[in-house]
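Below is one structure; the comments refer to it alone.
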Amino acid sequence: MIVIVVYDVPADRTRIYRKLLRRRLEHLQQSVFYGELTDGQVTGLKNEIQEKLQPDDSVIVFESGSSAVVDYTTFGDTDDPGSRFT
Amino acid sequence: MPKDNHHVFADGELSRNEGTLRIDTLDGETKYLPVESIDTLYLHGQIDFNTRALGLLNDHGVPVHVFGWNDYYRGTYLPKREQVSGNTVVEQVRAYDDHDRRLEIAHDIIAASIHNMRANVQYYDGRKEDFESAVDRLENQYARVENTTNVEELRGVEATARKIYYRCFDRILRDPFELTKREYNPPTNEANALVSFLNSMVYTTCVSAIRKTALDPTIGYVHEPGERRFTLSLDIADVFKPILADRVLFRLVNRQQIGIDDFEQELDGCLLTEDGRLAVLEAYEETLDRTVEHPRLNRKVSYKTLVRTDVYSLKKHVLTGEPYRPTERWW
């Protein structure tokens with residue numbers, strides 16, 4: 001399924017989530033991650049977020065159903081999300 | 001649903017950073033790849049990497065296919081196996097060593113391969129030109145497969161079928177593309193260059209699929225096991241070339257997604273330019289994602305999954321004697 005994760009956490013804790021999310025998702029913007037994951041990966045991801053959570057942290061995980069197509073429009077200097085080419 | 005492949009065309013450095021893969025391109029860009037969401041990594045550019053990067057890929061079971069100058073397939077770094085089963089390998093070798101068992105598997109592979117070639121020609125029969133005689137002759141070769149009594153004879157049947165098949169290419173392909181004759185090392189014209197490049201992609205797709213099982217990639221049944229080659233991948237690739245490579249080729253050429261100016265003459269061969277290769281790979285990846293309704297699994301599966309189920313089926317056959325069902329295009 002398509003997953004989008006956004007977070008808003010104190011500056012000194014951003015690296016914790018960045019590191020955790022980058023392993024599975026594409027780092028689109030400062031605190032925005034995007035990608036296609038399996039159900040198992042999503043569960044694992046949520047558990048790991050839970051473990052790292054501190055009172056001030058705010059994290060949102062968006063999931064879209066199994067047939068994963070999300071339309072998007074890019075503006076400005078943006079790479080297409082989900083590209084398989086570098 | 002298999003994970004996506006990732007292709008690196010840029011030149012630069014591949015390293016490990018914060019538990020994932022980092023690419024620093026020579027253009028000064030930095031990109032992070034989600035190592036847990038990559039099926040297979042393809043390196044097409046000039047890339048430096050070290051053992052730490054390889055170790056990370058190893059931990060996550062990501063195979064790396066390396067392409068060298070002008071995207072000639074150079075080799076594969078296969079991570080340490082996660083599937084190990086001595087039992088499977090022993091049975092795989094036994095099946096190879098037993099004349100009857102080997103021949104049975106080889107029959108299945110070649111029959112599926114010829115079936116898939118015929119399906120392609122049939123698709124274009126009437127659509128572009130009349131291919132009835134080619135379809136009939138492929139049908140004949142298909143029927144002959146059952147009666148061959150040794151692998152050499154079987155390979156002869158396959159070679160004849162392939163010749164009939166390749167002869168249809170000139171009429172399927174939009175002008176000015178012509179195959180004339182299948183030639184490689186180096187490919188002599190544009191169509192040959194496309195066939196070669198796509199075939200190497202199918203081969204790597206099969207290498208990645210076989211790695212997911214405990215089967216030994218070096219022991220095949222149609223091709224003779226040799227040095228330095230993954231013979232089993234060559235076998236499985238024969239089944240999938242018409243489905244994955246050739247249809248992409250026809251589509252790219254006939255819809256003019258690729259033109260003569262996407263090629264360059266090098267030495268005495270003909271090769272794709274970088275833009276051309278990118279266009280081909282985009283089409284190839286898109287094809288791997290296409291899905292069909294699977295009659296036995298009762299769900300939609302992608303072509304990429306089909307390669308995998310094919311290998312699973314072979315493994316099951318080797319281990320338990322259940323019939324091996326190589327993918328014969330049914331859709």
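Ligands are numbered from 1 in the order shown, chains are lettered A, B, ... in the order of the structure tokens, and residues start at 1 in each chain.
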Set the distance at 9 Å and use only C-alpha atoms: which residues neighbour segment 50-64 of chain A once local chain neighbours fewer than 4 positions away are removed? I'd like the list as an mmCIF file with all heavy atoms, in the first residue's frame.
```cif
data_model
loop_
_atom_site.group_PDB
_atom_site.id
_atom_site.type_symbol
_atom_site.label_atom_id
_atom_site.label_comp_id
_atom_site.auth_asym_id
_atom_site.auth_seq_id
_atom_site.Cartn_x
_atom_site.Cartn_y
_atom_site.Cartn_z
ATOM 1 N N MET A 1 0.827 -1.199 0.000
ATOM 2 C CA MET A 1 0.000 0.000 0.000
ATOM 3 C C MET A 1 0.863 1.251 0.000
ATOM 4 O O MET A 1 2.014 1.220 0.423
ATOM 5 C CB MET A 1 -0.903 -0.001 1.235
ATOM 6 C CG MET A 1 -0.151 0.102 2.545
ATOM 7 S SD MET A 1 -1.234 0.033 3.958
ATOM 8 C CE MET A 1 -1.596 -1.711 4.019
ATOM 9 N N ILE A 2 0.256 2.354 -0.492
ATOM 10 C CA ILE A 2 0.990 3.620 -0.506
ATOM 11 C C ILE A 2 0.961 4.230 0.900
ATOM 12 O O ILE A 2 -0.082 4.256 1.539
ATOM 13 C CB ILE A 2 0.347 4.609 -1.504
ATOM 14 C CG1 ILE A 2 0.504 4.099 -2.931
ATOM 15 C CG2 ILE A 2 0.936 5.997 -1.346
ATOM 16 C CD1 ILE A 2 1.854 4.346 -3.535
ATOM 17 N N VAL A 3 2.107 4.659 1.353
ATOM 18 C CA VAL A 3 2.205 5.201 2.702
ATOM 19 C C VAL A 3 2.850 6.587 2.645
ATOM 20 O O VAL A 3 3.832 6.787 1.930
ATOM 21 C CB VAL A 3 3.065 4.272 3.602
ATOM 22 C CG1 VAL A 3 3.261 4.886 4.972
ATOM 23 C CG2 VAL A 3 2.427 2.906 3.714
ATOM 24 N N ILE A 4 2.270 7.521 3.352
ATOM 25 C CA ILE A 4 2.891 8.835 3.502
ATOM 26 C C ILE A 4 3.037 9.105 4.999
ATOM 27 O O ILE A 4 2.080 8.942 5.759
ATOM 28 C CB ILE A 4 2.036 9.943 2.858
ATOM 29 C CG1 ILE A 4 1.937 9.700 1.347
ATOM 30 C CG2 ILE A 4 2.644 11.323 3.127
ATOM 31 C CD1 ILE A 4 0.903 10.569 0.669
ATOM 32 N N VAL A 5 4.233 9.462 5.407
ATOM 33 C CA VAL A 5 4.459 9.742 6.831
ATOM 34 C C VAL A 5 4.961 11.174 6.976
ATOM 35 O O VAL A 5 5.862 11.600 6.245
ATOM 36 C CB VAL A 5 5.500 8.781 7.433
ATOM 37 C CG1 VAL A 5 5.659 9.029 8.927
ATOM 38 C CG2 VAL A 5 5.099 7.332 7.194
ATOM 39 N N VAL A 6 4.339 11.907 7.877
ATOM 40 C CA VAL A 6 4.837 13.252 8.180
ATOM 41 C C VAL A 6 5.085 13.330 9.678
ATOM 42 O O VAL A 6 4.418 12.666 10.455
ATOM 43 C CB VAL A 6 3.832 14.351 7.765
ATOM 44 C CG1 VAL A 6 3.641 14.335 6.265
ATOM 45 C CG2 VAL A 6 2.493 14.147 8.446
ATOM 46 N N TYR A 7 6.077 14.133 10.052
ATOM 47 C CA TYR A 7 6.302 14.274 11.488
ATOM 48 C C TYR A 7 6.644 15.714 11.859
ATOM 49 O O TYR A 7 7.090 16.505 11.021
ATOM 50 C CB TYR A 7 7.371 13.305 11.998
ATOM 51 C CG TYR A 7 8.745 13.473 11.400
ATOM 52 C CD1 TYR A 7 9.574 14.523 11.784
ATOM 53 C CD2 TYR A 7 9.224 12.542 10.492
ATOM 54 C CE1 TYR A 7 10.832 14.661 11.254
ATOM 55 C CE2 TYR A 7 10.487 12.672 9.947
ATOM 56 C CZ TYR A 7 11.292 13.732 10.331
ATOM 57 O OH TYR A 7 12.539 13.870 9.809
ATOM 58 N N ASP A 8 6.401 16.028 13.099
ATOM 59 C CA ASP A 8 6.720 17.340 13.640
ATOM 60 C C ASP A 8 7.272 17.097 15.030
ATOM 61 O O ASP A 8 6.527 16.779 15.960
ATOM 62 C CB ASP A 8 5.419 18.179 13.694
ATOM 63 C CG ASP A 8 5.721 19.652 13.805
ATOM 64 O OD1 ASP A 8 6.924 19.981 13.989
ATOM 65 O OD2 ASP A 8 4.792 20.466 13.731
ATOM 66 N N VAL A 9 8.583 17.179 15.164
ATOM 67 C CA VAL A 9 9.201 16.846 16.447
ATOM 68 C C VAL A 9 10.273 17.887 16.767
ATOM 69 O O VAL A 9 10.740 18.589 15.863
ATOM 70 C CB VAL A 9 9.842 15.435 16.420
ATOM 71 C CG1 VAL A 9 8.799 14.384 16.096
ATOM 72 C CG2 VAL A 9 10.987 15.365 15.429
ATOM 73 N N PRO A 10 10.686 18.002 18.030
ATOM 74 C CA PRO A 10 11.743 18.948 18.385
ATOM 75 C C PRO A 10 12.993 18.733 17.525
ATOM 76 O O PRO A 10 13.311 17.577 17.178
ATOM 77 C CB PRO A 10 12.038 18.611 19.851
ATOM 78 C CG PRO A 10 10.777 17.985 20.359
ATOM 79 C CD PRO A 10 10.158 17.285 19.204
ATOM 80 N N ARG A 13 15.450 15.922 17.752
ATOM 81 C CA ARG A 13 14.966 14.536 17.630
ATOM 82 C C ARG A 13 14.607 14.157 16.191
ATOM 83 O O ARG A 13 14.221 13.028 15.925
ATOM 84 C CB ARG A 13 13.738 14.331 18.524
ATOM 85 C CG ARG A 13 14.077 14.469 20.013
ATOM 86 C CD ARG A 13 12.883 14.183 20.880
ATOM 87 N NE ARG A 13 12.173 12.965 20.508
ATOM 88 C CZ ARG A 13 12.609 11.747 20.768
ATOM 89 N NH1 ARG A 13 13.737 11.573 21.393
ATOM 90 N NH2 ARG A 13 11.902 10.709 20.403
ATOM 91 N N ILE A 16 16.242 11.050 14.560
ATOM 92 C CA ILE A 16 15.780 9.726 14.991
ATOM 93 C C ILE A 16 14.731 9.194 14.015
ATOM 94 O O ILE A 16 14.803 8.055 13.554
ATOM 95 C CB ILE A 16 15.179 9.807 16.413
ATOM 96 C CG1 ILE A 16 16.280 10.196 17.404
ATOM 97 C CG2 ILE A 16 14.525 8.486 16.798
ATOM 98 C CD1 ILE A 16 15.771 10.496 18.798
ATOM 99 N N TYR A 17 13.774 10.066 13.694
ATOM 100 C CA TYR A 17 12.708 9.624 12.790
ATOM 101 C C TYR A 17 13.184 9.560 11.341
ATOM 102 O O TYR A 17 12.797 8.687 10.576
ATOM 103 C CB TYR A 17 11.495 10.560 12.921
ATOM 104 C CG TYR A 17 10.857 10.412 14.275
ATOM 105 C CD1 TYR A 17 11.141 11.297 15.294
ATOM 106 C CD2 TYR A 17 10.017 9.328 14.530
ATOM 107 C CE1 TYR A 17 10.600 11.140 16.543
ATOM 108 C CE2 TYR A 17 9.462 9.162 15.786
ATOM 109 C CZ TYR A 17 9.753 10.072 16.801
ATOM 110 O OH TYR A 17 9.210 9.893 18.028
ATOM 111 N N VAL A 42 4.492 -1.968 7.167
ATOM 112 C CA VAL A 42 3.779 -0.872 7.831
ATOM 113 C C VAL A 42 3.673 -1.153 9.319
ATOM 114 O O VAL A 42 3.920 -0.271 10.158
ATOM 115 C CB VAL A 42 2.374 -0.673 7.217
ATOM 116 C CG1 VAL A 42 1.606 0.376 7.995
ATOM 117 C CG2 VAL A 42 2.489 -0.255 5.762
ATOM 118 N N LEU A 45 6.969 -0.621 10.889
ATOM 119 C CA LEU A 45 7.242 0.810 10.942
ATOM 120 C C LEU A 45 6.545 1.461 12.136
ATOM 121 O O LEU A 45 7.136 2.211 12.911
ATOM 122 C CB LEU A 45 6.771 1.453 9.639
ATOM 123 C CG LEU A 45 6.974 2.952 9.465
ATOM 124 C CD1 LEU A 45 8.432 3.235 9.164
ATOM 125 C CD2 LEU A 45 6.102 3.491 8.356
ATOM 126 N N LYS A 46 5.248 1.132 12.279
ATOM 127 C CA LYS A 46 4.479 1.734 13.372
ATOM 128 C C LYS A 46 5.045 1.327 14.723
ATOM 129 O O LYS A 46 5.132 2.145 15.645
ATOM 130 C CB LYS A 46 3.014 1.310 13.265
ATOM 131 C CG LYS A 46 2.267 2.002 12.148
ATOM 132 C CD LYS A 46 0.846 1.501 12.098
ATOM 133 C CE LYS A 46 0.066 2.157 10.987
ATOM 134 N NZ LYS A 46 -1.221 1.477 10.779
ATOM 135 N N ALA A 68 -2.877 0.498 -4.844
ATOM 136 C CA ALA A 68 -2.263 1.745 -4.442
ATOM 137 C C ALA A 68 -1.957 2.666 -5.622
ATOM 138 O O ALA A 68 -0.958 2.516 -6.298
ATOM 139 C CB ALA A 68 -0.991 1.442 -3.677
ATOM 140 N N VAL A 69 -2.832 3.595 -5.878
ATOM 141 C CA VAL A 69 -2.529 4.654 -6.832
ATOM 142 C C VAL A 69 -2.890 5.984 -6.195
ATOM 143 O O VAL A 69 -4.012 6.182 -5.752
ATOM 144 C CB VAL A 69 -3.323 4.490 -8.140
ATOM 145 C CG1 VAL A 69 -2.837 5.499 -9.160
ATOM 146 C CG2 VAL A 69 -3.189 3.087 -8.674
ATOM 147 N N VAL A 70 -1.921 6.860 -6.121
ATOM 148 C CA VAL A 70 -2.184 8.188 -5.599
ATOM 149 C C VAL A 70 -1.811 9.180 -6.684
ATOM 150 O O VAL A 70 -0.705 9.146 -7.207
ATOM 151 C CB VAL A 70 -1.345 8.473 -4.334
ATOM 152 C CG1 VAL A 70 -1.517 9.908 -3.895
ATOM 153 C CG2 VAL A 70 -1.748 7.516 -3.229
#
```
7 Å contacts from chain A to chain B using only C-alpha atoms, as a tab-separated table (two decimals) with all heavy atoms, in the first residue's frame:
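Contents of the output file iface12.tsv:
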```tsv
chain	number	residue	atom	x	y	z
A	19	LYS	N	16.09	8.78	10.28
A	19	LYS	CA	16.85	7.55	10.12
A	19	LYS	C	15.92	6.33	10.01
A	19	LYS	O	16.09	5.47	9.17
A	19	LYS	CB	17.78	7.40	11.32
A	19	LYS	CG	18.71	6.22	11.23
A	19	LYS	CD	19.70	6.22	12.36
A	19	LYS	CE	20.45	4.90	12.39
A	19	LYS	NZ	21.42	4.83	13.47
A	22	ARG	N	13.82	6.60	6.57
A	22	ARG	CA	14.57	6.52	5.32
A	22	ARG	C	14.85	5.10	4.87
A	22	ARG	O	15.08	4.84	3.70
A	22	ARG	CB	15.91	7.23	5.50
A	22	ARG	CG	15.99	8.56	4.78
A	22	ARG	CD	17.40	9.06	4.86
A	22	ARG	NE	17.44	10.49	4.61
A	22	ARG	CZ	18.41	11.28	5.05
A	22	ARG	NH1	19.40	10.76	5.76
A	22	ARG	NH2	18.40	12.56	4.77
A	23	ARG	N	14.91	4.20	5.82
A	23	ARG	CA	15.21	2.81	5.47
A	23	ARG	C	14.12	2.18	4.63
A	23	ARG	O	14.34	1.26	3.88
A	23	ARG	CB	15.43	1.97	6.73
A	23	ARG	CG	16.66	2.39	7.52
A	23	ARG	CD	17.17	1.28	8.42
A	23	ARG	NE	16.12	0.38	8.89
A	23	ARG	CZ	15.58	0.44	10.11
A	23	ARG	NH1	15.96	1.36	10.97
A	23	ARG	NH2	14.67	-0.43	10.46
A	24	ARG	N	12.88	2.67	4.80
A	24	ARG	CA	11.77	2.04	4.08
A	24	ARG	C	11.14	2.94	3.04
A	24	ARG	O	10.52	2.47	2.10
A	24	ARG	CB	10.68	1.63	5.06
A	24	ARG	CG	11.10	0.59	6.07
A	24	ARG	CD	9.89	0.17	6.88
A	24	ARG	NE	10.21	-0.82	7.88
A	24	ARG	CZ	10.66	-0.51	9.09
A	24	ARG	NH1	10.87	0.75	9.42
A	24	ARG	NH2	10.91	-1.46	9.97
A	25	LEU	N	11.24	4.26	3.25
A	25	LEU	CA	10.49	5.19	2.41
A	25	LEU	C	11.42	6.20	1.74
A	25	LEU	O	12.56	6.39	2.14
A	25	LEU	CB	9.46	5.94	3.27
A	25	LEU	CG	8.39	5.07	3.92
A	25	LEU	CD1	7.67	5.85	5.00
A	25	LEU	CD2	7.41	4.56	2.88
A	26	GLU	N	10.85	6.82	0.71
A	26	GLU	CA	11.60	7.84	0.00
A	26	GLU	C	11.47	9.17	0.75
A	26	GLU	O	10.36	9.56	1.12
A	26	GLU	CB	11.02	7.96	-1.41
A	26	GLU	CG	11.78	8.87	-2.32
A	26	GLU	CD	11.11	8.96	-3.69
A	26	GLU	OE1	10.35	8.05	-4.05
A	26	GLU	OE2	11.33	9.98	-4.36
A	84	ARG	N	12.02	5.00	-10.12
A	84	ARG	CA	12.94	3.88	-9.92
A	84	ARG	C	14.30	4.16	-10.55
A	84	ARG	O	15.10	3.26	-10.73
A	84	ARG	CB	12.37	2.63	-10.56
A	84	ARG	CG	11.08	2.22	-9.92
A	84	ARG	CD	10.53	1.02	-10.60
A	84	ARG	NE	9.16	0.84	-10.17
A	84	ARG	CZ	8.40	-0.15	-10.59
A	84	ARG	NH1	8.87	-1.02	-11.45
A	84	ARG	NH2	7.17	-0.26	-10.15
A	85	PHE	N	14.49	5.40	-10.96
A	85	PHE	CA	15.74	5.71	-11.65
A	85	PHE	C	16.48	6.85	-10.97
A	85	PHE	O	15.87	7.80	-10.52
A	85	PHE	CB	15.45	6.09	-13.11
A	85	PHE	CG	14.78	4.99	-13.87
A	85	PHE	CD1	13.39	4.93	-13.93
A	85	PHE	CD2	15.52	4.00	-14.50
A	85	PHE	CE1	12.76	3.89	-14.61
A	85	PHE	CE2	14.90	2.97	-15.18
A	85	PHE	CZ	13.52	2.91	-15.24
A	86	THR	N	17.78	6.72	-10.86
A	86	THR	CA	18.59	7.79	-10.31
A	86	THR	C	19.58	8.25	-11.37
A	86	THR	O	20.25	7.40	-11.94
A	86	THR	CB	19.39	7.31	-9.08
A	86	THR	OG1	18.46	6.81	-8.14
A	86	THR	CG2	20.15	8.46	-8.45
```
Contacts of segment 114-126 of chain B at 9 Å (only C-alpha atoms; same-chain gap of 2+ positions) as a PyMOL selection string: chain B and resi 109-112+128-132+134-136+138-139+141-142+158+161-162+165+168-169+172+239-243+246-247+327-330
Could you write out that same residue set with N, CA and C atoms as a short mmCIF file (atom, residue, chain, number, x, y, z; two decimals), in the first residue's frame?
```cif
data_model
loop_
_atom_site.label_atom_id
_atom_site.label_comp_id
_atom_site.auth_asym_id
_atom_site.auth_seq_id
_atom_site.Cartn_x
_atom_site.Cartn_y
_atom_site.Cartn_z
N ILE B 109 10.40 -26.80 -20.16
CA ILE B 109 10.94 -25.45 -20.37
C ILE B 109 10.84 -25.05 -21.85
N ILE B 110 11.32 -25.94 -22.72
CA ILE B 110 11.33 -25.60 -24.15
C ILE B 110 9.91 -25.51 -24.70
N ALA B 111 9.04 -26.41 -24.24
CA ALA B 111 7.65 -26.34 -24.71
C ALA B 111 7.04 -25.00 -24.34
N ALA B 112 7.27 -24.56 -23.11
CA ALA B 112 6.72 -23.26 -22.68
C ALA B 112 7.34 -22.13 -23.50
N LYS B 128 -1.01 -7.22 -38.16
CA LYS B 128 -0.09 -6.53 -39.07
C LYS B 128 -0.01 -7.23 -40.41
N GLU B 129 0.23 -8.56 -40.31
CA GLU B 129 0.40 -9.32 -41.54
C GLU B 129 -0.09 -10.73 -41.30
N ASP B 130 0.07 -11.54 -42.30
CA ASP B 130 -0.37 -12.91 -42.18
C ASP B 130 0.78 -13.79 -41.69
N PHE B 131 0.64 -14.30 -40.48
CA PHE B 131 1.71 -15.14 -39.93
C PHE B 131 1.29 -16.60 -39.79
N GLU B 132 0.26 -16.97 -40.54
CA GLU B 132 -0.31 -18.29 -40.33
C GLU B 132 0.73 -19.40 -40.49
N ALA B 134 3.96 -19.29 -40.11
CA ALA B 134 4.91 -19.30 -38.99
C ALA B 134 4.28 -19.92 -37.76
N VAL B 135 3.01 -19.59 -37.51
CA VAL B 135 2.31 -20.16 -36.36
C VAL B 135 2.24 -21.68 -36.51
N ASP B 136 1.92 -22.13 -37.73
CA ASP B 136 1.85 -23.58 -37.97
C ASP B 136 3.19 -24.25 -37.74
N LEU B 138 5.66 -23.20 -35.88
CA LEU B 138 5.98 -23.21 -34.45
C LEU B 138 5.18 -24.31 -33.75
N GLU B 139 3.95 -24.46 -34.19
CA GLU B 139 3.09 -25.53 -33.66
C GLU B 139 3.75 -26.89 -33.86
N GLN B 141 6.98 -27.52 -34.22
CA GLN B 141 8.13 -27.66 -33.34
C GLN B 141 7.66 -27.97 -31.91
N TYR B 142 6.56 -27.32 -31.52
CA TYR B 142 6.02 -27.55 -30.19
C TYR B 142 5.66 -29.03 -30.03
N GLU B 158 14.56 -26.37 -30.37
CA GLU B 158 14.43 -25.01 -29.89
C GLU B 158 15.07 -24.03 -30.86
N ALA B 161 12.88 -23.51 -33.83
CA ALA B 161 11.74 -22.68 -33.47
C ALA B 161 12.16 -21.22 -33.38
N ARG B 162 13.28 -20.99 -32.74
CA ARG B 162 13.74 -19.62 -32.56
C ARG B 162 14.03 -18.96 -33.91
N TYR B 165 10.83 -18.02 -35.45
CA TYR B 165 10.30 -16.90 -34.67
C TYR B 165 11.00 -15.59 -35.04
N CYS B 168 10.08 -13.73 -38.13
CA CYS B 168 8.84 -12.93 -38.16
C CYS B 168 9.10 -11.49 -37.72
N PHE B 169 10.22 -11.26 -37.02
CA PHE B 169 10.46 -9.95 -36.42
C PHE B 169 10.44 -8.82 -37.44
N ILE B 172 7.05 -7.79 -38.15
CA ILE B 172 6.32 -7.21 -37.01
C ILE B 172 6.83 -5.79 -36.74
N VAL B 239 12.02 -19.10 -21.09
CA VAL B 239 10.56 -19.11 -20.99
C VAL B 239 10.02 -17.69 -21.06
N PHE B 240 10.74 -16.74 -20.44
CA PHE B 240 10.19 -15.40 -20.26
C PHE B 240 10.61 -14.38 -21.32
N LYS B 241 11.62 -14.71 -22.13
CA LYS B 241 12.05 -13.74 -23.15
C LYS B 241 10.90 -13.29 -24.04
N PRO B 242 10.09 -14.22 -24.58
CA PRO B 242 8.99 -13.73 -25.44
C PRO B 242 8.00 -12.85 -24.69
N ILE B 243 7.76 -13.15 -23.42
CA ILE B 243 6.77 -12.39 -22.65
C ILE B 243 7.32 -11.04 -22.23
N ASP B 246 10.54 -9.53 -25.77
CA ASP B 246 10.15 -9.31 -27.16
C ASP B 246 8.93 -8.41 -27.29
N ARG B 247 7.97 -8.59 -26.38
CA ARG B 247 6.78 -7.73 -26.48
C ARG B 247 7.11 -6.27 -26.20
N THR B 327 5.70 -21.02 -17.09
CA THR B 327 4.65 -20.09 -17.50
C THR B 327 4.39 -20.15 -19.00
N GLU B 328 3.23 -20.63 -19.38
CA GLU B 328 2.81 -20.57 -20.78
C GLU B 328 1.75 -19.50 -20.86
N ARG B 329 1.98 -18.53 -21.68
CA ARG B 329 1.06 -17.39 -21.77
C ARG B 329 -0.36 -17.89 -21.98
N TRP B 330 -1.25 -17.59 -21.04
CA TRP B 330 -2.64 -18.04 -21.14
C TRP B 330 -3.58 -16.87 -21.36
#
```
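For the set A:Thr73, A:Thr78, A:Ile49, A:Gly65, the residue with the smallest atom-to-atom gap to Leu37 of chain A is A:Gly65, counting only C-alpha atoms.
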Run DSSP on the backbone and grab whatever in chain A lands in strand (DSSP E or B); send it over as a compact mmCIF listing (two decimals) with C-alpha atoms, in the first residue's frame.
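Done, and the output landed in states-v7.txt:
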```
# COMPACT_ATOMS: atom_id res chain seq x y z
CA ILE A 2 0.99 3.62 -0.51
CA VAL A 3 2.21 5.20 2.70
CA ILE A 4 2.89 8.84 3.50
CA VAL A 5 4.46 9.74 6.83
CA VAL A 6 4.84 13.25 8.18
CA TYR A 7 6.30 14.27 11.49
CA ASP A 8 6.72 17.34 13.64
CA GLU A 26 11.60 7.84 0.00
CA HIS A 27 12.61 11.09 1.67
CA LEU A 28 10.49 13.59 -0.28
CA GLN A 29 10.85 16.74 1.78
CA VAL A 32 7.70 14.03 4.54
CA PHE A 33 8.23 10.43 3.48
CA TYR A 34 6.52 8.46 0.76
CA GLY A 35 6.59 4.92 -0.57
CA GLU A 36 4.91 1.63 -1.26
CA SER A 58 3.90 14.20 16.62
CA VAL A 59 3.88 11.66 13.78
CA ILE A 60 1.13 10.89 11.27
CA VAL A 61 1.07 7.81 9.06
CA PHE A 62 -1.26 7.95 6.03
CA GLU A 63 -2.12 4.66 4.34
CA PHE A 85 15.74 5.71 -11.65
```
Å distance separating atom CA of His99 of chain B from atom CA of Asn150 of chain B, one decimal place: 8.1 Å
DSSP-assigned helix (DSSP H, G or I) members of segment 161-237 of chain B, reported as a VMD selection string: chain B and resid 161 to 172 190 to 211 231 to 237
Which of B:Lys315, B:Val248, B:Leu234, B:Glu286 sits closest to Ser83 of chain A [using only C-alpha atoms]: B:Glu286
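Interatomic distance, atom CA of Phe197 of chain B to atom CA of Val280 of chain B: 8.8 Å.
Take atom CA of Thr309 of chain B and atom CA of Arg229 of chain B: the distance between them is 22.2 Å.
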Near-segment 274-277 of chain B list (12 Å; only C-alpha atoms; drop same-chain fewer than 3 positions) as a count of residues only: 37
